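Undergrad: Below you'll find the structure I mean.
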Amino acid sequence: MAAHVHDGDVVAIEGFTHLISFAAGHEIIRQGRRDLTLARLTPDLVYDQLVAAGCARKLVFSWLGNPGVGSLHAIRRAVETGSLEIEEYSHFGMVGRYAAGAARLPFYPLRSYAGSDLPDANPLIQWVASPYAPADEIAVVPPLNPDVTIIHAQRADAEGNTQVWGLVGVQREAALAAERVIVVVEELVDGDVVRSDPDRTLLPGVAVTAVCVEPYGAHPSFAQGYYDRDNAFYRDWDPISRDPARLDAWLDEWVRGVPDRAAYLAKLDHEVLDALRPGPRPSGSVDYGEYR
Amino acid sequence: MAAHVHDGDVVAIEGFTHLISFAAGHEIIRQGRRDLTLARLTPDLVYDQLVAAGCARKLVFSWLGNPGVGSLHAIRRAVETGSLEIEEYSHFGMVGRYAAGAARLPFYPLRSYAGSDLPDANPLIQWVASPYAPADEIAVVPPLNPDVTIIHAQRADAEGNTQVWGLVGVQREAALAAERVIVVVEELVDGDVVRSDPDRTLLPGVAVTAVCVEPYGAHPSFAQGYYDRDNAFYRDWDPISRDPARLDAWLDEWVRGVPDRAAYLAKLDHEVLDALRPGPRPSGSVDYGEYR
Amino acid sequence: MSATPDELMIAAAAAELVGVRTVFVGIGLPNAAANLARQTVAPDLELIYESGVIGSRPTRLPDSIGDPALVSGATATMSMHDLFAYFLQGGRIEVGMLGAAQIDRWGNLNTTVIGPYEHPTTRLPGSGGACEIALNAARVVIVMNQTRRTFVEQVDFVTSPGHRHPEGTPRPAWASAGPTSVITQLATYRFGADGEMELAAPHDGVSEADVDAASCWPIRRASST
Amino acid sequence: MSATPDELMIAAAAAELVGVRTVFVGIGLPNAAANLARQTVAPDLELIYESGVIGSRPTRLPDSIGDPALVSGATATMSMHDLFAYFLQGGRIEVGMLGAAQIDRWGNLNTTVIGPYEHPTTRLPGSGGACEIALNAARVVIVMNQTRRTFVEQVDFVTSPGHRHPEGTPRPAWASAGPTSVITQLATYRFGADGEMELAAPHDGVSEADVDAASCWPIRRASST
């Protein structure tokens, strides 16, 4: 991580509610990175923590909240006091920005923003006339190319071929838009496991810079089939995040005070992790066929 | 099929080498449809047959050949004599046209065509300036919205939830761009089979107009895990297609002369189909988890 | 035992989904309403979550739109790109359900800021998918709490467009029908042909005076046609 | 036993892939060359097929780019949209291998028509993905048969752009480096700094006179730097 995230970088830790790499977020805090531009559709607790720890200069986002709970108080304080610059889109605008970045397009067109005040708040939202019907103007957003995108996945092989099941959000676009791509996985598997089911591959190894293995690395978010979302943690975050002193103490205890993810997990109550484990619900197998 | 394909329609039978619905193509010939505009990246034998049978007025495409063999002679004759109108793109241009159609965009921008003569041959290929760098003009293609898109798939449930593994080509975009969507499948399965692995769903039932079951309905193309491509048939097509009389006799025998797909299969040598069956190569199962 | 205000809202919102096939669901009250509708008045309803799931059959009421219980047993998952581009923008969503912190008589919704954008009194979550839902879902059902702080003369910020901008700009030609109903704890509202909100019916036990007292502008009555 | 012309071409084309990680493969000779390269000089080569497969390890030499043997055991499948948009246009392809029916000195390729477009003498397959491969793959290796009918003063139609259009328009600023080598049954060619094709080396047993006899324009010799 130290080699791939630098002060001043544009960083995207993506994963829409699913597979949010808290492991990477905490490591960035420990390394004391500064002046980051943080991009993410839903900043979620992971960016609330990074902002509280003073890592960020700017936030690029589309929905700023603690899903199902309320506000992200550290970010909200920073926005209300003006200490954090923001650049704001809608979800599809952020999706389009990553897609344009991944496809090296000069802009991404989308049917949104007409009649909204968002283009006033963000002059990067522009308009393009269609050559097929010049009166038909469509909104466009510019490409977003992070210096580094970090995603969490269920499994990858040693060559970086990365597989995900369940929600895939914007991870493919966000990763392929980036200069460097870090994948954190629950499990490292043999290449044959990947090759037995190529349809599940979100990113081929040629697009991945580095793979790290961190079981439960997405806690308190979830990993489909591995563990549930820790909804109690999301609720508990609200009073912590409301109180700057308490939030700083939390970072001291759970992030700065532990050397790595393994130590974080060891501090967590075993019963917490056990209770998050789901029952089995197998996908079943399909046959790709052996062709000779 | 009779209810969903009408004279004069824009029809897309899609599937890039994989899962080409010859069953649907033959049925359209039997019904004597006329003046169709046929859209497809690679017209393949299925459109060579439809053009030979006099069903088509116009062809919208990006690569016109018998893959691995040579020419599509019926189409080539019709183009060289001027009896078939053509509208020509590159592969990515066709992909973009379906994508714009599915997304109700006025155009799809792509980094292609600059320095090519294709925009001279097809004035629908246009240019748009980027509001972020006005000197940067990018090619655009218009949306393509078929009246009906027909795809073949490995399986679907009674609600039309359709699953495919292996190559998916442009099927999702072509289907979602269409007014009506017909899915032909190897197998009808229980809804629980679909729901056990939602990631494999190419099209949800809400986007599907009708489902038909036709095992081997994609022969002589292939269905991953079910049967191989009948490469001998593709090679044998070359001399048939070269000779208009022989081609007409072939259509009489194999299409107009059989009432349905079952009769076509019964006419095929059993050994042909048996030889196309692959050995097993299971994907393995992943766990989605049961969450209570 | 009488229903709670939330229960009233959920039941009224569920009633808006009779006969509907596809609903784009946000979290909170709309989620509860859509799940209630599927189990009662709209058995064919497909719940489509912006996180990228179609046909969810959650085994529990999800805490967030990214609950793993929405995925296990669903009919399809999809990237957010494909879901927003081909399903929402593609015109395949019949009803979008939205909440808001402020609404005006034209159905403009604010979920961005209270106060000026650059120096807000309160920073709210922002659009999420709401802006494009408001413009692309065939129609929009709004579910929100009603007070004089939420039913306002002019919203502080238009996050999601209604029938016309406060400055008078009409809804664009390519956009869908927009808001058709507003459900609050007090009443159900619809919109006149000119796009202005109208009282359809107060809920049981609510008077028209109660409705008027909880709005900054005088709410028009539905014409009796 | 001497190698056949095809075998010479395949071996020379494979040599262009030394050290390369990603190659976008068409069918025919390029496919054979890429598979040979992976088995010999470029073991880390990932074969990327426009049909939507990455990291194929075919158990047989495929007849078409849509062979099921390309999929079973591959590392990834992908929609053509994502492959063309995010991998090819996204700049993640190092080498694109193309064939052609005609080439000119600037590396412009024709796979569309012989004769005028509206009334062709021979209708050829057209672009397929070649136009965007020529503009977006970091560099392009061309593998084709060489005669006076294929190495022409001016191509009848520019399907896939080389270093400048016959009418003089330069390659656009956003495009990649374009053609870097042409492999025929007679020789290997590269391109000068001005974008004109140059003879790099005739294959064993081929004279420079043989090379010149099979081209409509006098092929420049590579400068000796």
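Letters A, B, ... go to the chains of the structure tokens in the order shown; residues in each chain start at 1; ligands are counted from 1 in the same order.
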If we count only C-alpha atoms and set the cut-off at 9 Å, which residues sit around range 108-117 of chain A, ignoring sequence neighbours fewer than 3 positions away in its own chain? Please answer as JSON, numbers by chain.
TA: {"A": [90, 92, 93, 96, 97, 99, 100, 101, 105, 120, 121, 122, 125, 127, 128, 138, 139, 140, 141, 142, 143], "B": [103, 104, 105, 107, 108, 109], "C": [85, 89, 108, 131, 132, 133, 134, 135, 136, 157, 158, 159, 160, 161, 162, 163, 164, 165, 169, 170, 171, 172, 174, 175]}
Undergrad: Considering only C-alpha atoms, return as an MDAnalysis selection string whatever protein or nucleic-acid residues lie within 9 Å of range 64-74 of chain A, sequence-local ones (same chain, fewer than 5 positions apart) excluded.
TA: (chainID A and resid 17 41:45 47:49 51:52 79 231 234:235 237:244 247) or (chainID C and resid 27:28 62:66 123:128)
Undergrad: List every residue of range 5-103 of chain A that DSSP, applied to the backbone, labels as strand (DSSP E or B), and write the result as a PyMOL selection string.
TA: chain A and resi 10-13+18+36-39+56-61+66+70+85-88
Undergrad: Could the residues in this selection be saved with N, CA, C and O atoms as a short mmCIF file (atom, residue, chain, number, x, y, z; two decimals), in the first residue's frame?
TA:
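The result, written out as part.cif:
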```
data_model
loop_
_atom_site.label_atom_id
_atom_site.label_comp_id
_atom_site.auth_asym_id
_atom_site.auth_seq_id
_atom_site.Cartn_x
_atom_site.Cartn_y
_atom_site.Cartn_z
N VAL A 10 -5.17 11.14 -6.25
CA VAL A 10 -6.61 10.90 -6.36
C VAL A 10 -6.84 9.42 -6.10
O VAL A 10 -6.31 8.57 -6.82
N VAL A 11 -7.58 9.12 -5.04
CA VAL A 11 -7.77 7.74 -4.61
C VAL A 11 -9.25 7.38 -4.66
O VAL A 11 -10.08 8.16 -4.20
N ALA A 12 -9.56 6.22 -5.22
CA ALA A 12 -10.93 5.71 -5.18
C ALA A 12 -10.93 4.35 -4.49
O ALA A 12 -10.32 3.40 -4.99
N ILE A 13 -11.53 4.29 -3.33
CA ILE A 13 -11.80 2.99 -2.70
C ILE A 13 -13.25 2.69 -3.05
O ILE A 13 -14.16 3.27 -2.47
N HIS A 18 -21.18 -3.03 -0.82
CA HIS A 18 -20.56 -4.36 -0.78
C HIS A 18 -19.06 -4.21 -0.93
O HIS A 18 -18.59 -3.41 -1.72
N LEU A 36 -5.08 13.95 0.05
CA LEU A 36 -5.70 13.06 -0.94
C LEU A 36 -6.99 13.67 -1.46
O LEU A 36 -7.71 14.36 -0.73
N THR A 37 -7.27 13.42 -2.74
CA THR A 37 -8.61 13.64 -3.28
C THR A 37 -9.30 12.29 -3.25
O THR A 37 -8.84 11.33 -3.90
N LEU A 38 -10.37 12.19 -2.48
CA LEU A 38 -11.06 10.90 -2.30
C LEU A 38 -12.29 10.86 -3.18
O LEU A 38 -13.17 11.72 -3.06
N ALA A 39 -12.36 9.88 -4.07
CA ALA A 39 -13.52 9.72 -4.94
C ALA A 39 -14.28 8.47 -4.54
O ALA A 39 -13.68 7.43 -4.25
N ALA A 56 -7.50 13.86 3.86
CA ALA A 56 -8.13 14.30 2.60
C ALA A 56 -8.19 15.81 2.47
O ALA A 56 -8.37 16.54 3.45
N ARG A 57 -8.05 16.26 1.23
CA ARG A 57 -8.16 17.65 0.87
C ARG A 57 -9.50 17.90 0.18
O ARG A 57 -10.09 18.97 0.26
N LYS A 58 -9.97 16.88 -0.53
CA LYS A 58 -11.14 17.05 -1.39
C LYS A 58 -11.92 15.74 -1.48
O LYS A 58 -11.32 14.66 -1.42
N LEU A 59 -13.23 15.90 -1.69
CA LEU A 59 -14.10 14.73 -1.80
C LEU A 59 -14.91 14.84 -3.08
O LEU A 59 -15.51 15.89 -3.35
N VAL A 60 -14.92 13.78 -3.88
CA VAL A 60 -15.73 13.70 -5.11
C VAL A 60 -16.74 12.58 -4.88
O VAL A 60 -16.33 11.44 -4.65
N PHE A 61 -18.03 12.89 -4.95
CA PHE A 61 -19.02 11.92 -4.46
C PHE A 61 -20.40 12.17 -5.06
O PHE A 61 -20.61 13.16 -5.76
N ASN A 66 -24.58 7.88 6.06
CA ASN A 66 -24.36 6.58 6.69
C ASN A 66 -25.59 5.76 6.34
O ASN A 66 -26.66 5.96 6.92
N GLY A 70 -27.88 7.65 9.03
CA GLY A 70 -28.02 9.11 9.04
C GLY A 70 -26.84 9.78 8.38
O GLY A 70 -26.54 9.50 7.23
N GLU A 85 -12.87 20.46 0.49
CA GLU A 85 -13.44 20.85 -0.79
C GLU A 85 -14.32 19.69 -1.29
O GLU A 85 -13.97 18.52 -1.11
N ILE A 86 -15.45 20.04 -1.92
CA ILE A 86 -16.29 18.96 -2.46
C ILE A 86 -16.58 19.18 -3.94
O ILE A 86 -16.59 20.31 -4.43
N GLU A 87 -16.79 18.08 -4.64
CA GLU A 87 -17.21 18.11 -6.05
C GLU A 87 -18.28 17.04 -6.15
O GLU A 87 -18.03 15.87 -5.90
N GLU A 88 -19.47 17.47 -6.56
CA GLU A 88 -20.65 16.66 -6.31
C GLU A 88 -21.39 16.30 -7.59
O GLU A 88 -21.60 17.16 -8.45
#
```
Undergrad: Pick out the closest residue to chain C from this set: D:Glu153, D:Glu118, D:Glu50, D:Asp82. Count only C-alpha atoms.
TA: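 Counting only C-alpha atoms, the residue closest to chain C is D:Asp82.
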Undergrad: Would you compute the distance between CA of Glu167 in chain D and CA of Tyr189 in chain D? Give it in Å to one decimal.
TA: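 Here the two named atoms are 22.8 Å from each other.
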Undergrad: If I take CA of Asp274 in chain A and CA of Asp192 in chain A, how far is one from the other in Å, to one decimal?
TA: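 Result for CA of Asp274 in chain A versus CA of Asp192 in chain A: 29.7 Å, one decimal.
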